[in-house]
Each structure stands twice: as C-alpha cells, then as structure tokens.
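Dumped input24.txt below, it's compact mmCIF, C-alpha atoms:
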# COMPACT_ATOMS: atom_id res chain seq x y z
CA MET A 1 6.71 17.61 -1.42
CA THR A 2 7.40 13.89 -1.65
CA ILE A 3 8.11 11.94 1.52
CA THR A 4 10.58 9.11 1.01
CA ILE A 5 11.27 6.02 3.07
CA SER A 6 14.68 4.61 2.22
CA LEU A 7 15.29 0.90 2.65
CA ASN A 8 18.45 -1.16 2.38
CA ASN A 9 19.47 -4.78 2.80
CA ASP A 10 19.95 -4.46 6.57
CA SER A 11 16.53 -3.01 7.28
CA ILE A 12 14.82 -5.49 4.96
CA ASN A 13 16.72 -8.59 6.04
CA ASN A 14 16.20 -7.75 9.74
CA LEU A 15 12.52 -6.81 9.28
CA ASP A 16 13.49 -3.47 10.76
CA LEU A 17 10.65 -0.99 10.34
CA SER A 18 12.62 1.92 11.81
CA PRO A 19 13.09 3.64 8.41
CA ALA A 20 9.29 3.75 8.08
CA LEU A 21 8.69 4.56 11.73
CA MET A 22 11.01 7.57 11.53
CA VAL A 23 8.85 8.99 8.73
CA ILE A 24 5.33 7.92 9.71
CA GLU A 25 5.32 8.30 13.50
CA PRO A 26 6.06 12.07 13.44
CA LEU A 27 3.17 12.48 10.99
CA LEU A 28 0.91 10.63 13.42
CA GLU A 29 2.13 12.64 16.42
CA ASP A 30 1.61 15.92 14.56
CA LYS A 31 -1.78 14.76 13.25
CA ALA A 32 -0.37 15.50 9.80
CA ILE A 33 -1.47 12.31 8.04
CA PRO A 34 -4.41 13.97 6.21
CA SER A 35 -2.23 16.77 4.87
CA ASN A 36 0.30 14.29 3.47
CA GLU A 37 -2.12 12.26 1.36
CA GLN A 38 -0.45 10.52 -1.59
CA LEU A 39 3.02 11.92 -0.91
CA LEU A 40 4.86 8.81 0.27
CA SER A 41 7.30 6.82 -1.82
CA PHE A 42 9.87 4.12 -1.18
CA GLU A 43 13.49 4.13 -2.24
CA ILE A 44 14.52 0.49 -2.11
CA ASN A 45 18.26 -0.08 -2.31
CA TYR A 46 18.30 -3.85 -2.04
CA ILE A 47 21.60 -5.13 -3.38
CA ARG A 48 21.51 -8.57 -4.94
CA GLU A 49 23.61 -10.72 -7.23
CA LYS A 50 24.21 -9.12 -10.64
CA ASN A 51 22.66 -12.09 -12.41
CA ASP A 52 19.51 -12.08 -10.22
CA PRO A 53 16.68 -11.34 -12.69
CA ARG A 54 13.95 -10.96 -10.08
CA GLU A 55 11.97 -7.79 -9.56
CA LEU A 56 12.02 -6.48 -5.99
CA SER A 57 8.47 -7.70 -5.43
CA GLU A 58 9.62 -11.24 -6.28
CA ILE A 59 12.21 -11.32 -3.48
CA PRO A 60 10.74 -13.01 -0.37
CA GLU A 61 12.72 -10.86 2.08
CA VAL A 62 11.48 -7.63 0.49
CA ARG A 63 7.90 -8.87 0.39
CA LEU A 64 8.05 -9.96 4.03
CA TRP A 65 9.24 -6.51 5.09
CA PHE A 66 6.22 -4.98 3.34
CA VAL A 67 3.88 -7.54 4.93
CA ARG A 68 5.19 -6.45 8.33
CA LEU A 69 4.76 -2.78 7.41
CA ASP A 70 1.22 -3.39 6.23
CA ALA A 71 0.40 -5.13 9.52
CA LYS A 72 1.64 -2.06 11.42
CA TYR A 73 -0.07 0.55 9.20
CA PRO A 74 -2.93 -1.12 7.29
CA TRP A 75 -4.14 2.33 6.17
CA LEU A 76 -0.77 3.15 4.55
CA PRO A 77 -2.17 3.21 0.98
CA PHE A 78 -3.69 6.60 1.91
CA LEU A 79 -0.16 8.05 2.09
CA LEU A 80 1.29 6.34 -0.97
CA ASP A 81 1.98 8.35 -4.15
CA TRP A 82 -0.64 6.69 -6.35
CA LYS A 83 0.21 8.69 -9.46
CA GLY A 84 3.88 7.83 -9.04
CA GLY A 85 3.08 4.10 -9.06
CA GLU A 86 3.61 3.49 -5.35
CA LEU A 87 0.17 1.96 -4.82
CA ALA A 88 0.74 -0.58 -7.60
CA ARG A 89 4.21 -1.39 -6.27
CA TYR A 90 2.87 -1.72 -2.73
CA ALA A 91 0.15 -4.06 -3.98
CA ALA A 92 2.80 -6.10 -5.80
CA MET A 93 4.60 -6.59 -2.51
CA LEU A 94 1.46 -8.04 -0.93
CA VAL A 95 -0.42 -9.74 -3.79
CA PRO A 96 0.79 -12.76 -5.77
CA HIS A 97 1.57 -11.80 -9.36
CA GLN A 98 3.62 -12.51 -12.46
CA PHE A 99 5.47 -10.24 -14.83
CA SER A 100 4.79 -10.17 -18.54
CA SER A 101 7.20 -8.43 -20.90
CA LYS A 102 4.23 -7.26 -22.97
CA GLU A 103 1.67 -6.44 -20.30
CA GLY A 104 3.75 -5.71 -17.21
CA ILE A 105 2.57 -6.88 -13.82
CA GLN A 106 -0.27 -9.41 -13.83
CA TYR A 107 -1.80 -9.80 -10.37
CA ASN A 108 -3.55 -13.00 -9.33
CA PRO A 109 -7.14 -11.76 -9.83
CA GLU A 110 -8.65 -13.38 -6.74
CA ALA A 111 -5.79 -12.27 -4.52
CA LEU A 112 -5.99 -8.72 -5.85
CA GLU A 113 -9.72 -8.60 -5.22
CA ILE A 114 -9.24 -9.80 -1.63
CA PHE A 115 -6.44 -7.25 -1.11
CA LEU A 116 -8.59 -4.46 -2.53
CA MET A 117 -11.67 -5.30 -0.47
CA HIS A 118 -9.53 -5.59 2.66
CA LYS A 119 -8.06 -2.14 2.02
CA ILE A 120 -11.48 -0.66 1.18
CA PHE A 121 -12.93 -1.82 4.51
CA ILE A 122 -9.88 -0.70 6.49
CA LEU A 123 -9.66 2.68 4.78
CA SER A 124 -13.39 3.28 4.97
CA ASP A 125 -13.32 3.03 8.76
CA TRP A 126 -9.98 4.80 9.12
CA LEU A 127 -10.93 7.72 6.88
CA LYS A 128 -14.18 8.23 8.80
CA GLU A 129 -12.21 8.29 12.06
CA GLN A 130 -9.98 10.97 10.56
CA GLY A 131 -12.97 13.01 9.35
CA ILE A 132 -11.87 12.59 5.73
CA PRO A 133 -14.46 12.03 2.96
CA THR A 134 -14.22 8.42 1.84
CA GLN A 135 -16.17 7.47 -1.24
CA PHE A 136 -14.20 9.35 -3.92
CA ARG A 137 -10.87 8.22 -2.49
CA LEU A 138 -11.92 4.61 -2.24
CA LYS A 139 -13.34 4.60 -5.76
CA SER A 140 -10.06 6.07 -7.02
CA LEU A 141 -8.02 3.44 -5.19
CA ALA A 142 -10.15 0.70 -6.76
CA GLN A 143 -9.80 2.23 -10.23
CA ILE A 144 -6.02 2.32 -9.99
CA LEU A 145 -6.11 -1.42 -9.30
CA GLY A 146 -8.53 -2.01 -12.19
CA TYR A 147 -11.88 -2.20 -10.37
CA GLU A 148 -15.03 -0.11 -10.51
CA LEU A 149 -17.04 0.23 -7.31
CA ASP A 150 -20.54 1.62 -7.58
CA ASP A 151 -22.47 3.76 -5.14
CA ALA A 152 -24.62 0.82 -4.00
CA PHE A 153 -21.50 -0.85 -2.59
CA PHE A 154 -20.78 2.21 -0.44
CA GLU A 155 -24.42 2.42 0.68
CA MET A 156 -24.13 -1.19 1.86
CA ILE A 157 -20.94 -0.35 3.79
CA GLU A 158 -22.72 2.56 5.44
CA LYS A 159 -25.57 0.28 6.56
CA ILE A 160 -23.20 -2.20 8.20
CA ASN A 161 -21.12 0.49 9.92
CA PHE A 162 -23.28 1.37 12.87
Show me the file's structure as structure tokens.
Amino acid sequence: MTITISLNNDSINNLDLSPALMVIEPLLEDKAIPSNEQLLSFEINYIREKNDPRELSEIPEVRLWFVRLDAKYPWLPFLLDWKGGELARYAAMLVPHQFSSKEGIQYNPEALEIFLMHKIFILSDWLKEQGIPTQFRLKSLAQILGYELDDAFFEMIEKINF
C-alpha cells in the first residue's frame, strides 16, 4: 500500500509542511514507521507557466520545501519508495544536479557524496534506535545513488558509535 503526500502551489510557496505532517505524524504516534518502509511517494501538483521548461527539482520554491522537510525528518529516505524512484527524486531536490537528454539526471558528484554520507550517518543511528537492522539497508541506499560501501566502512561506524 503506497502512502502519498500531495503537494500544491500553496503548500510549497508557503513552506507549509502540513501535507507531510498529516501523513508522517500518525505513523510516528502509532510507532508504524518500521512497517511502512519504502512506501512513501510524493504527488507534486505545482502549476507553472506552460512555457517553463524546468523540472520540479530545478524550481527553487519546490527545492526549498524539500529542504525544510528534510530538516524536520532527516531519516525520511527510510520511508521513500526507492523502487518507484522517490529516493532519486528526493535526492534531486537536495543535491545540485543537471539534466542530460541522453543520461538523465547528473548529480554534482561531491554534493551527492556529502548528501549520501550525511544520510548514512543519520540513518545508521536512527535505524539502531528503532531496532532495525542497518547494514543491508544502508548499502542498498548507497547503491541506488551509485555508490558501493564495503563492510569495513560499517565496522568503522560501529567503532565510533559508543
């Protein structure tokens, strides 16, 4: 069962997180986050000029809304529908990139690496707090964004998390 957060111009332009809060807060209250892993998607109905060629992730107002959401729920990638492309779209909202007609989205490599490592550290701690196994999930997240993380990296994280 997919969980959808619907956004429109008003919520985006006013940095109004209530569409997300109405979906995510009940999951937190019911302690249902773990059982809703990778089920979240966004329906973004952002109306713009007909001749506006920009992708949604190129519109500053849309990106700013996602920056605010990420500040509120930095562990949100856990809920996103990775197979449905939501993790890549979420990353595009937060990481500088360009579009190529031949190759699709091209993230700034350094910015993507910083984003990924930030999410790995946040999710590592958050998943442990939730009692959810971490390593496979974090490796999968990295792979979706084009990175391979080896076991030694996770051993190092374990050593520093005392």
Practice item. Might you pull out every residue within 9 Å of region 139-142 of chain A, with only C-alpha atoms counted and same-chain residues fewer than 6 positions away left off, and present them as a ChimeraX atom specification? Key: /A:77-78,82,87,116-117,120,148-150
Practice item. Show which residues sit within 12 Å of Phe99 (chain A), as a PyMOL selection string. Count all atoms listed in the file, and ignore same-chain residues fewer than 4 positions away. Key: chain A and resi 53-58+92+103-108
Practice item. Provide the CA of Leu145 (chain A) to CA of Ala91 (chain A) distance in Å, to one decimal place. Key: 8.6 Å
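Coordinates place CA of Ile3 (chain A) at a distance of 22.5 Å from CA of Gly131 (chain A).
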Revision key, fill the gap. If you count only C-alpha atoms, the residue of A:Pro34, A:Leu17, A:Asn9, A:Glu49 closest to Lys128 (chain A) turns out to be A:Pro34
Practice item. Using only C-alpha atoms, determine which residues lie at most 12 Å from Arg68 (chain A), disregarding the query and same-chain residues fewer than 6 positions distant; provide the list as a ChimeraX atom specification. Key: /A:11-18,20,61-62,74,76,93-94
Review point. If you measure from CA of Lys50 (chain A) to CA of His97 (chain A), what distance in Å do you get, rounded to one decimal?
Key: 22.8 Å
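Proximity ranking of A:Leu79, A:Ala152, A:Ile160, A:Ala88 relative to Ala32 (chain A) places A:Leu79 first, based on only C-alpha atoms.
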Check your understanding: Counting all atoms listed in the file, what is within 10 Å of Thr134 (chain A), bar same-chain residues fewer than 4 positions away, as number ranges by chain?
Key -> A: 120, 123-128, 138-139, 154
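Counting only C-alpha atoms, the residue from A:Asp52, A:Leu64, A:Ile5, A:Gln130 that sits nearest to Leu28 (chain A) is A:Gln130.
Residue nearest Val95 (chain A) within the list A:Tyr73, A:Phe115, A:Tyr46, A:Phe136: A:Phe115 [criterion: smallest interatomic distance, only C-alpha atoms].
Using all atoms listed in the file, every residue with an atom at most 7 Å from the point (7.1, 4.8, -7.5) is listed here: Ser41, Phe42, Gly84, Gly85, Glu86 and Arg89 of chain A.
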